[in-house]
Structure formats: C-alpha cells, structure tokens
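Q: So here's protein00.cif, just mmCIF, N, CA and C atoms:
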```
data_start
#
loop_
_atom_site.label_atom_id
_atom_site.label_comp_id
_atom_site.auth_asym_id
_atom_site.auth_seq_id
_atom_site.Cartn_x
_atom_site.Cartn_y
_atom_site.Cartn_z
N MET A 227 8.85 27.47 -6.59
CA MET A 227 7.48 27.42 -7.02
C MET A 227 7.37 27.84 -8.49
N ALA A 228 8.13 27.23 -9.30
CA ALA A 228 8.11 27.51 -10.72
C ALA A 228 6.74 27.23 -11.33
N ARG A 229 5.89 26.47 -10.66
CA ARG A 229 4.57 26.15 -11.16
C ARG A 229 3.73 27.39 -11.42
N PHE A 230 4.11 28.50 -10.83
CA PHE A 230 3.30 29.70 -10.99
C PHE A 230 3.61 30.42 -12.29
N ARG A 231 4.38 29.78 -13.17
CA ARG A 231 4.61 30.25 -14.54
C ARG A 231 4.96 31.72 -14.61
N GLY A 232 6.05 32.08 -13.97
CA GLY A 232 6.54 33.44 -14.08
C GLY A 232 5.91 34.41 -13.09
N MET A 233 4.90 33.96 -12.35
CA MET A 233 4.27 34.82 -11.36
C MET A 233 5.00 34.67 -10.04
N SER A 234 4.93 35.67 -9.22
CA SER A 234 5.52 35.60 -7.90
C SER A 234 4.91 34.43 -7.12
N ALA A 235 5.73 33.78 -6.31
CA ALA A 235 5.24 32.65 -5.51
C ALA A 235 4.47 33.13 -4.28
N THR A 236 4.37 34.41 -4.10
CA THR A 236 3.64 34.95 -2.96
C THR A 236 2.62 35.98 -3.44
N GLY A 237 1.69 36.32 -2.59
CA GLY A 237 0.72 37.36 -2.90
C GLY A 237 -0.67 36.83 -3.16
N PHE A 238 -1.64 37.72 -3.09
CA PHE A 238 -3.04 37.37 -3.26
C PHE A 238 -3.39 37.27 -4.73
N LEU A 239 -4.10 36.21 -5.09
CA LEU A 239 -4.65 36.07 -6.43
C LEU A 239 -6.15 35.85 -6.32
N THR A 240 -6.90 36.38 -7.26
CA THR A 240 -8.35 36.19 -7.29
C THR A 240 -8.66 34.75 -7.70
N ALA A 241 -9.91 34.36 -7.55
CA ALA A 241 -10.34 33.02 -7.97
C ALA A 241 -10.06 32.82 -9.45
N ASP A 242 -10.33 33.82 -10.28
CA ASP A 242 -10.05 33.70 -11.72
C ASP A 242 -8.57 33.51 -11.99
N GLN A 243 -7.71 34.24 -11.29
CA GLN A 243 -6.27 34.09 -11.47
C GLN A 243 -5.80 32.71 -11.02
N LEU A 244 -6.36 32.20 -9.93
CA LEU A 244 -6.00 30.86 -9.46
C LEU A 244 -6.47 29.81 -10.46
N ASN A 245 -7.67 29.94 -10.99
CA ASN A 245 -8.17 29.00 -11.99
C ASN A 245 -7.28 28.98 -13.23
N ALA A 246 -6.69 30.12 -13.57
CA ALA A 246 -5.82 30.19 -14.74
C ALA A 246 -4.53 29.39 -14.54
N LEU A 247 -4.17 29.09 -13.29
CA LEU A 247 -2.96 28.31 -13.00
C LEU A 247 -3.18 26.81 -13.17
N LEU A 248 -4.42 26.36 -13.22
CA LEU A 248 -4.71 24.93 -13.12
C LEU A 248 -4.57 24.11 -14.40
N PRO A 249 -4.86 24.64 -15.59
CA PRO A 249 -4.71 23.80 -16.79
C PRO A 249 -3.29 23.25 -16.92
N GLY A 250 -3.22 21.96 -17.29
CA GLY A 250 -1.92 21.31 -17.45
C GLY A 250 -1.33 20.79 -16.16
N THR A 251 -2.08 20.85 -15.06
CA THR A 251 -1.63 20.33 -13.77
C THR A 251 -2.62 19.26 -13.30
N LEU A 252 -2.26 18.51 -12.26
CA LEU A 252 -3.18 17.50 -11.74
C LEU A 252 -4.53 18.10 -11.35
N PRO A 253 -4.58 19.21 -10.61
CA PRO A 253 -5.89 19.78 -10.31
C PRO A 253 -6.70 20.12 -11.56
N GLY A 254 -6.01 20.58 -12.60
CA GLY A 254 -6.70 20.87 -13.86
C GLY A 254 -7.23 19.61 -14.51
N LEU A 255 -6.43 18.55 -14.50
CA LEU A 255 -6.88 17.28 -15.07
C LEU A 255 -8.10 16.73 -14.34
N LEU A 256 -8.14 16.92 -13.02
CA LEU A 256 -9.28 16.44 -12.25
C LEU A 256 -10.52 17.31 -12.43
N GLY A 257 -10.33 18.54 -12.92
CA GLY A 257 -11.47 19.44 -13.12
C GLY A 257 -11.78 20.31 -11.92
N ILE A 258 -10.80 20.54 -11.07
CA ILE A 258 -11.01 21.39 -9.89
C ILE A 258 -11.23 22.83 -10.34
N VAL A 259 -12.23 23.48 -9.73
CA VAL A 259 -12.55 24.87 -10.02
C VAL A 259 -12.57 25.65 -8.71
N VAL A 260 -11.86 26.77 -8.66
CA VAL A 260 -11.90 27.66 -7.50
C VAL A 260 -13.13 28.53 -7.64
N ASP A 261 -13.97 28.53 -6.62
CA ASP A 261 -15.19 29.34 -6.63
C ASP A 261 -14.98 30.71 -6.00
N SER A 262 -14.25 30.77 -4.90
CA SER A 262 -14.00 32.05 -4.23
C SER A 262 -12.69 31.98 -3.46
N HIS A 263 -12.07 33.14 -3.30
CA HIS A 263 -10.84 33.23 -2.53
C HIS A 263 -10.82 34.55 -1.78
N GLU A 264 -10.64 34.46 -0.50
CA GLU A 264 -10.36 35.62 0.34
C GLU A 264 -9.21 35.22 1.23
N ARG A 265 -8.52 36.18 1.82
CA ARG A 265 -7.36 35.84 2.64
C ARG A 265 -7.77 34.86 3.74
N GLY A 266 -7.13 33.68 3.74
CA GLY A 266 -7.40 32.69 4.77
C GLY A 266 -8.56 31.76 4.49
N ARG A 267 -9.18 31.86 3.31
CA ARG A 267 -10.33 30.99 3.00
C ARG A 267 -10.48 30.83 1.49
N LEU A 268 -10.73 29.59 1.07
CA LEU A 268 -10.96 29.31 -0.35
C LEU A 268 -12.06 28.28 -0.47
N THR A 269 -12.94 28.45 -1.46
CA THR A 269 -13.95 27.44 -1.76
C THR A 269 -13.72 26.94 -3.18
N SER A 270 -14.01 25.66 -3.39
CA SER A 270 -13.77 25.03 -4.69
C SER A 270 -14.74 23.87 -4.88
N HIS A 271 -14.70 23.31 -6.09
CA HIS A 271 -15.54 22.14 -6.37
C HIS A 271 -14.95 21.35 -7.53
N LEU A 272 -15.48 20.15 -7.70
CA LEU A 272 -15.25 19.39 -8.91
C LEU A 272 -16.48 18.53 -9.16
N ASP A 273 -16.71 18.26 -10.43
CA ASP A 273 -17.82 17.40 -10.82
C ASP A 273 -17.31 15.97 -10.93
N VAL A 274 -17.99 15.05 -10.24
CA VAL A 274 -17.60 13.64 -10.24
C VAL A 274 -17.91 13.06 -11.62
N ARG A 275 -16.93 12.34 -12.16
CA ARG A 275 -17.10 11.65 -13.44
C ARG A 275 -16.44 10.29 -13.32
N PRO A 276 -16.74 9.36 -14.21
CA PRO A 276 -16.23 7.99 -14.08
C PRO A 276 -14.72 7.88 -13.91
N GLU A 277 -13.96 8.76 -14.56
CA GLU A 277 -12.49 8.69 -14.48
C GLU A 277 -11.96 9.00 -13.09
N LEU A 278 -12.77 9.57 -12.21
CA LEU A 278 -12.34 9.94 -10.86
C LEU A 278 -12.72 8.91 -9.81
N LEU A 279 -13.33 7.81 -10.26
CA LEU A 279 -13.76 6.75 -9.36
C LEU A 279 -12.67 5.70 -9.22
N ALA A 280 -12.69 5.00 -8.11
CA ALA A 280 -11.83 3.84 -7.91
C ALA A 280 -12.47 2.64 -8.62
N PRO A 281 -11.72 1.54 -8.79
CA PRO A 281 -12.29 0.36 -9.45
C PRO A 281 -13.56 -0.19 -8.78
N ASN A 282 -13.78 0.15 -7.50
CA ASN A 282 -14.99 -0.33 -6.82
C ASN A 282 -16.23 0.51 -7.14
N GLY A 283 -16.06 1.57 -7.97
CA GLY A 283 -17.20 2.38 -8.37
C GLY A 283 -17.48 3.58 -7.49
N TYR A 284 -16.70 3.77 -6.44
CA TYR A 284 -16.86 4.92 -5.56
C TYR A 284 -15.75 5.93 -5.83
N LEU A 285 -15.99 7.15 -5.41
CA LEU A 285 -15.02 8.23 -5.59
C LEU A 285 -13.67 7.82 -5.00
N HIS A 286 -12.61 7.96 -5.77
CA HIS A 286 -11.26 7.59 -5.32
C HIS A 286 -10.83 8.55 -4.22
N ALA A 287 -10.26 8.02 -3.14
CA ALA A 287 -9.78 8.86 -2.04
C ALA A 287 -8.76 9.88 -2.53
N GLY A 288 -7.96 9.52 -3.52
CA GLY A 288 -6.97 10.45 -4.06
C GLY A 288 -7.62 11.67 -4.70
N THR A 289 -8.80 11.50 -5.26
CA THR A 289 -9.54 12.63 -5.83
C THR A 289 -9.93 13.60 -4.72
N VAL A 290 -10.44 13.05 -3.63
CA VAL A 290 -10.87 13.87 -2.49
C VAL A 290 -9.66 14.59 -1.89
N VAL A 291 -8.56 13.87 -1.69
CA VAL A 291 -7.36 14.46 -1.10
C VAL A 291 -6.80 15.55 -2.02
N THR A 292 -6.81 15.31 -3.33
CA THR A 292 -6.29 16.33 -4.25
C THR A 292 -7.14 17.59 -4.22
N LEU A 293 -8.46 17.45 -4.15
CA LEU A 293 -9.33 18.62 -4.03
C LEU A 293 -8.99 19.39 -2.75
N ALA A 294 -8.88 18.69 -1.64
CA ALA A 294 -8.60 19.36 -0.36
C ALA A 294 -7.20 19.97 -0.34
N ASP A 295 -6.20 19.23 -0.79
CA ASP A 295 -4.83 19.74 -0.77
C ASP A 295 -4.68 20.96 -1.68
N THR A 296 -5.29 20.92 -2.85
CA THR A 296 -5.25 22.06 -3.76
C THR A 296 -5.96 23.26 -3.15
N SER A 297 -7.08 23.00 -2.49
CA SER A 297 -7.85 24.09 -1.89
C SER A 297 -7.14 24.73 -0.71
N CYS A 298 -6.25 24.00 -0.08
CA CYS A 298 -5.42 24.56 0.99
C CYS A 298 -4.15 25.20 0.44
N GLY A 299 -3.58 24.58 -0.58
CA GLY A 299 -2.31 25.07 -1.12
C GLY A 299 -2.44 26.37 -1.88
N LEU A 300 -3.47 26.51 -2.71
CA LEU A 300 -3.59 27.72 -3.52
C LEU A 300 -3.65 29.00 -2.68
N PRO A 301 -4.42 29.05 -1.60
CA PRO A 301 -4.47 30.30 -0.82
C PRO A 301 -3.28 30.49 0.13
N THR A 302 -2.44 29.48 0.27
CA THR A 302 -1.28 29.60 1.15
C THR A 302 -0.42 30.78 0.73
N ARG A 303 -0.22 30.96 -0.55
CA ARG A 303 0.65 32.01 -1.07
C ARG A 303 0.25 33.40 -0.58
N ALA A 304 -1.05 33.63 -0.39
CA ALA A 304 -1.52 34.96 0.03
C ALA A 304 -1.14 35.28 1.47
N LEU A 305 -0.82 34.25 2.25
CA LEU A 305 -0.48 34.47 3.67
C LEU A 305 1.00 34.29 3.96
N LEU A 306 1.82 34.11 2.92
CA LEU A 306 3.26 33.93 3.15
C LEU A 306 3.88 35.22 3.67
N PRO A 307 4.83 35.10 4.59
CA PRO A 307 5.51 36.30 5.09
C PRO A 307 6.34 36.96 3.98
N GLU A 308 6.53 38.25 4.09
CA GLU A 308 7.34 38.97 3.10
C GLU A 308 8.74 38.37 3.04
N GLY A 309 9.21 38.17 1.84
CA GLY A 309 10.54 37.61 1.63
C GLY A 309 10.56 36.11 1.40
N ALA A 310 9.46 35.43 1.71
CA ALA A 310 9.39 33.99 1.46
C ALA A 310 9.42 33.74 -0.04
N SER A 311 10.02 32.62 -0.43
CA SER A 311 10.10 32.30 -1.86
C SER A 311 9.01 31.34 -2.32
N GLY A 312 8.26 30.76 -1.39
CA GLY A 312 7.20 29.83 -1.74
C GLY A 312 6.86 28.94 -0.57
N PHE A 313 6.34 27.75 -0.89
CA PHE A 313 5.92 26.81 0.16
C PHE A 313 5.84 25.42 -0.44
N THR A 314 5.74 24.44 0.43
CA THR A 314 5.48 23.07 0.00
C THR A 314 4.73 22.35 1.11
N THR A 315 3.88 21.39 0.74
CA THR A 315 3.16 20.59 1.72
C THR A 315 4.14 19.62 2.38
N ILE A 316 4.16 19.61 3.71
CA ILE A 316 5.05 18.67 4.42
C ILE A 316 4.27 17.60 5.18
N GLU A 317 2.98 17.81 5.36
CA GLU A 317 2.19 16.79 6.08
C GLU A 317 0.73 17.00 5.72
N LEU A 318 0.00 15.89 5.57
CA LEU A 318 -1.44 15.99 5.39
C LEU A 318 -2.11 14.76 5.98
N LYS A 319 -3.35 14.97 6.40
CA LYS A 319 -4.14 13.90 6.99
C LYS A 319 -5.58 14.08 6.54
N SER A 320 -6.22 12.97 6.23
CA SER A 320 -7.63 13.05 5.87
C SER A 320 -8.41 11.94 6.55
N ASN A 321 -9.60 12.29 6.99
CA ASN A 321 -10.55 11.33 7.52
C ASN A 321 -11.71 11.28 6.53
N HIS A 322 -11.93 10.11 5.96
CA HIS A 322 -12.99 9.94 4.96
C HIS A 322 -14.23 9.38 5.65
N LEU A 323 -15.32 10.15 5.58
CA LEU A 323 -16.54 9.82 6.31
C LEU A 323 -17.67 9.35 5.40
N GLY A 324 -17.50 9.56 4.10
CA GLY A 324 -18.52 9.18 3.14
C GLY A 324 -17.93 9.19 1.75
N THR A 325 -18.74 8.92 0.76
CA THR A 325 -18.26 8.91 -0.62
C THR A 325 -19.37 9.36 -1.55
N ALA A 326 -19.04 9.40 -2.83
CA ALA A 326 -20.01 9.78 -3.86
C ALA A 326 -19.71 8.97 -5.11
N ARG A 327 -20.70 8.83 -5.97
CA ARG A 327 -20.53 8.16 -7.26
C ARG A 327 -20.83 9.10 -8.42
N GLU A 328 -21.48 10.20 -8.10
CA GLU A 328 -21.87 11.17 -9.13
C GLU A 328 -22.13 12.51 -8.46
N GLY A 329 -22.38 13.51 -9.28
CA GLY A 329 -22.71 14.84 -8.75
C GLY A 329 -21.49 15.71 -8.58
N ARG A 330 -21.61 16.67 -7.70
CA ARG A 330 -20.55 17.65 -7.45
C ARG A 330 -20.10 17.52 -6.00
N ILE A 331 -18.79 17.59 -5.80
CA ILE A 331 -18.25 17.67 -4.44
C ILE A 331 -17.62 19.05 -4.28
N SER A 332 -17.73 19.59 -3.08
CA SER A 332 -17.24 20.93 -2.79
C SER A 332 -16.27 20.90 -1.63
N CYS A 333 -15.45 21.92 -1.56
CA CYS A 333 -14.46 22.02 -0.49
C CYS A 333 -14.42 23.45 0.04
N VAL A 334 -14.32 23.56 1.36
CA VAL A 334 -14.07 24.85 2.01
C VAL A 334 -12.79 24.68 2.81
N ALA A 335 -11.78 25.48 2.47
CA ALA A 335 -10.48 25.45 3.16
C ALA A 335 -10.31 26.73 3.95
N THR A 336 -9.87 26.58 5.21
CA THR A 336 -9.64 27.75 6.06
C THR A 336 -8.28 27.64 6.75
N ASN A 337 -7.66 28.78 6.93
CA ASN A 337 -6.36 28.82 7.57
C ASN A 337 -6.52 28.75 9.09
N ALA A 338 -5.76 27.86 9.72
CA ALA A 338 -5.76 27.72 11.17
C ALA A 338 -4.54 28.39 11.80
N HIS A 339 -3.45 28.53 11.02
CA HIS A 339 -2.21 29.12 11.53
C HIS A 339 -1.38 29.60 10.34
N ALA A 340 -0.91 30.82 10.41
CA ALA A 340 -0.04 31.37 9.36
C ALA A 340 1.19 31.96 10.04
N GLY A 341 2.23 31.14 10.17
CA GLY A 341 3.44 31.58 10.85
C GLY A 341 4.59 31.85 9.89
N ARG A 342 5.73 32.11 10.46
CA ARG A 342 6.92 32.42 9.68
C ARG A 342 7.54 31.18 9.03
N THR A 343 7.34 30.01 9.64
CA THR A 343 7.94 28.79 9.09
C THR A 343 6.92 27.77 8.62
N THR A 344 5.69 27.84 9.13
CA THR A 344 4.65 26.90 8.71
C THR A 344 3.29 27.59 8.63
N GLN A 345 2.43 26.95 7.87
CA GLN A 345 1.01 27.29 7.86
C GLN A 345 0.24 25.98 8.06
N VAL A 346 -0.88 26.06 8.77
CA VAL A 346 -1.75 24.90 8.95
C VAL A 346 -3.12 25.29 8.38
N TRP A 347 -3.66 24.37 7.58
CA TRP A 347 -4.95 24.58 6.93
C TRP A 347 -5.89 23.42 7.22
N ASP A 348 -7.17 23.73 7.35
CA ASP A 348 -8.23 22.73 7.51
C ASP A 348 -9.15 22.83 6.30
N ALA A 349 -9.70 21.68 5.89
CA ALA A 349 -10.65 21.66 4.78
C ALA A 349 -11.75 20.65 5.08
N VAL A 350 -12.93 20.96 4.61
CA VAL A 350 -14.07 20.06 4.67
C VAL A 350 -14.54 19.83 3.24
N VAL A 351 -14.60 18.56 2.85
CA VAL A 351 -15.09 18.19 1.53
C VAL A 351 -16.50 17.63 1.72
N SER A 352 -17.44 18.11 0.92
CA SER A 352 -18.82 17.68 1.08
C SER A 352 -19.49 17.44 -0.26
N ALA A 353 -20.58 16.69 -0.20
CA ALA A 353 -21.48 16.49 -1.34
C ALA A 353 -22.85 16.92 -0.85
N GLY A 354 -23.28 18.09 -1.26
CA GLY A 354 -24.52 18.64 -0.72
C GLY A 354 -24.35 18.90 0.76
N ASP A 355 -25.23 18.35 1.58
CA ASP A 355 -25.14 18.56 3.03
C ASP A 355 -24.41 17.42 3.75
N ARG A 356 -23.83 16.48 2.97
CA ARG A 356 -23.09 15.36 3.57
C ARG A 356 -21.60 15.64 3.58
N THR A 357 -20.98 15.51 4.74
CA THR A 357 -19.53 15.65 4.84
C THR A 357 -18.87 14.36 4.35
N LEU A 358 -17.99 14.48 3.36
CA LEU A 358 -17.26 13.33 2.84
C LEU A 358 -15.91 13.15 3.50
N ALA A 359 -15.24 14.27 3.82
CA ALA A 359 -13.90 14.17 4.39
C ALA A 359 -13.54 15.41 5.19
N LEU A 360 -12.75 15.17 6.22
CA LEU A 360 -12.12 16.23 7.01
C LEU A 360 -10.63 16.12 6.73
N PHE A 361 -9.99 17.25 6.49
CA PHE A 361 -8.62 17.27 6.01
C PHE A 361 -7.83 18.34 6.76
N ARG A 362 -6.57 18.05 7.07
CA ARG A 362 -5.67 19.04 7.65
C ARG A 362 -4.30 18.88 7.01
N CYS A 363 -3.67 20.00 6.69
CA CYS A 363 -2.32 19.93 6.13
C CYS A 363 -1.43 21.01 6.73
N THR A 364 -0.15 20.75 6.68
CA THR A 364 0.87 21.71 7.12
C THR A 364 1.73 22.06 5.93
N GLN A 365 1.89 23.35 5.72
CA GLN A 365 2.74 23.86 4.64
C GLN A 365 4.02 24.41 5.27
N SER A 366 5.15 24.07 4.67
CA SER A 366 6.44 24.62 5.08
C SER A 366 6.71 25.87 4.25
N VAL A 367 7.01 26.96 4.91
CA VAL A 367 7.36 28.20 4.22
C VAL A 367 8.81 28.08 3.75
N LEU A 368 9.03 28.37 2.46
CA LEU A 368 10.36 28.29 1.87
C LEU A 368 10.98 29.69 1.80
N TRP A 369 12.28 29.74 2.03
CA TRP A 369 13.01 31.01 2.03
C TRP A 369 14.15 30.92 1.02
N PRO A 370 14.52 32.04 0.41
CA PRO A 370 15.64 32.03 -0.54
C PRO A 370 16.91 31.53 0.14
N ARG A 371 17.72 30.83 -0.60
CA ARG A 371 19.00 30.33 -0.06
C ARG A 371 20.08 31.35 -0.25
#
```
Show me, as structure tokens, the structure contained in the file I just sent.

A:
Amino acid sequence: MARFRGMSATGFLTADQLNALLPGTLPGLLGIVVDSHERGRLTSHLDVRPELLAPNGYLHAGTVVTLADTSCGLPTRALLPEGASGFTTIELKSNHLGTAREGRISCVATNAHAGRTTQVWDAVVSAGDRTLALFRCTQSVLWPR
C-alpha cells in the first residue's frame, strides 16, 4: 500500500487525513471528498460536472463505482487486524438504479464484516433522496511475506 505515501497501511485516519491522500489519484481527479469517518462507516460526496458524464449525457457508471469503491476502501485500513500490511479490492458489484446529470452525489459506506482475511463493505450512492446505486465489495487483507 505504497499509495499511503509513507504512512502506515493500517490504522484510523480522520476525514481530513483521508482527504489529504486523494490529490494526484483517481479519486482526487474525480473530486471525491470525505465528509466523515468513524470506525466502520464513511460518508463522502462529489459534485457532478461534464467531465464525469458518459457520452450519452448521464453520469458515467465508472464515476459512481469509483465513489463507492473509494468510500469503502479508505475506511478499510482502520479495521485491519494487527500485523496486516494492507488490503486490496478482490470483488465488487454494483446495481445502478438511477442517474444524475448535475448536482451532488453522496455515498454512505458501512462495514458488514471485518475478518482476518477479508472485509465486506456495503455502500449506497444517492442524489438527494434518490438512490442511484447499491454497491458491495470484498477486500482481501494483505500480510507481510
């Protein structure tokens, strides 16, 4: 997890500390902002802009998936078992129920399972009171070799 720029790949980080990790990465390019972080839960958002739309004029599914995956991945580190060296996403699934062309989309990610070898996270992406996507991912816990 060299992406953490010299920081430990495990442990709790505040929303401000997590936001400081994003510039120069895909989540930073998309404009993802972490709003709050507590153990097992993270909230985030991004403002929809033309560059995040698909050629058909609607929000690109990859934008939605990146918001959800980032919102699940960032808090994973806080729940890693002692001695773990990091994590990586091994599976993700999203159900897209709606879309947006403008405004702000938000995400709430919650931990469903935090084990020694895997973590499972759920996320809901919404625009106001409309659910845009339901998301689930599995993180593989990495151990030193």

Q: Can you list, as a list in words, every protein, DNA or RNA residue that comes within 6.5 Å of range 317-319 of chain A when you count all atoms listed in the file, leaving out same-chain residues fewer than 2 positions away?

A: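 After dropping sequence-adjacent residues, the list is Thr314, Thr315, Asn321, Leu360, Phe361, Arg362, Cys363, Thr364 and Gln365 of chain A.
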
Q: Please enumerate the residues selected by the PyMOL selection byres ((chain A and resi 307) around 8) when evaluated against the supplied file, formatted as a ChimeraX atom specification.

A: /A:236-237,302-306,308-311,340-343,367

Q: Please determine, counting only C-alpha atoms, which residue among A:Thr251, A:Asn337, A:Ser332, A:Ser366 has the shortest atom-to-atom distance to Val350 in chain A.

A: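 The shortest atom-to-atom distance to Val350 in chain A comes from A:Ser332.
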
Q: Quick check, in Å to one decimal: how far apart do CA of Tyr284 in chain A and atom N of Thr325 in chain A lie?

A: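 Between these atoms lies a distance of 7.7 Å.
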
Q: Just so the selection is clear, what residues does the PyMOL selection byres ((chain A and resi 256-260) around 5) cover here, as number ranges by chain?

A: A: 252-255, 261-262, 269-272
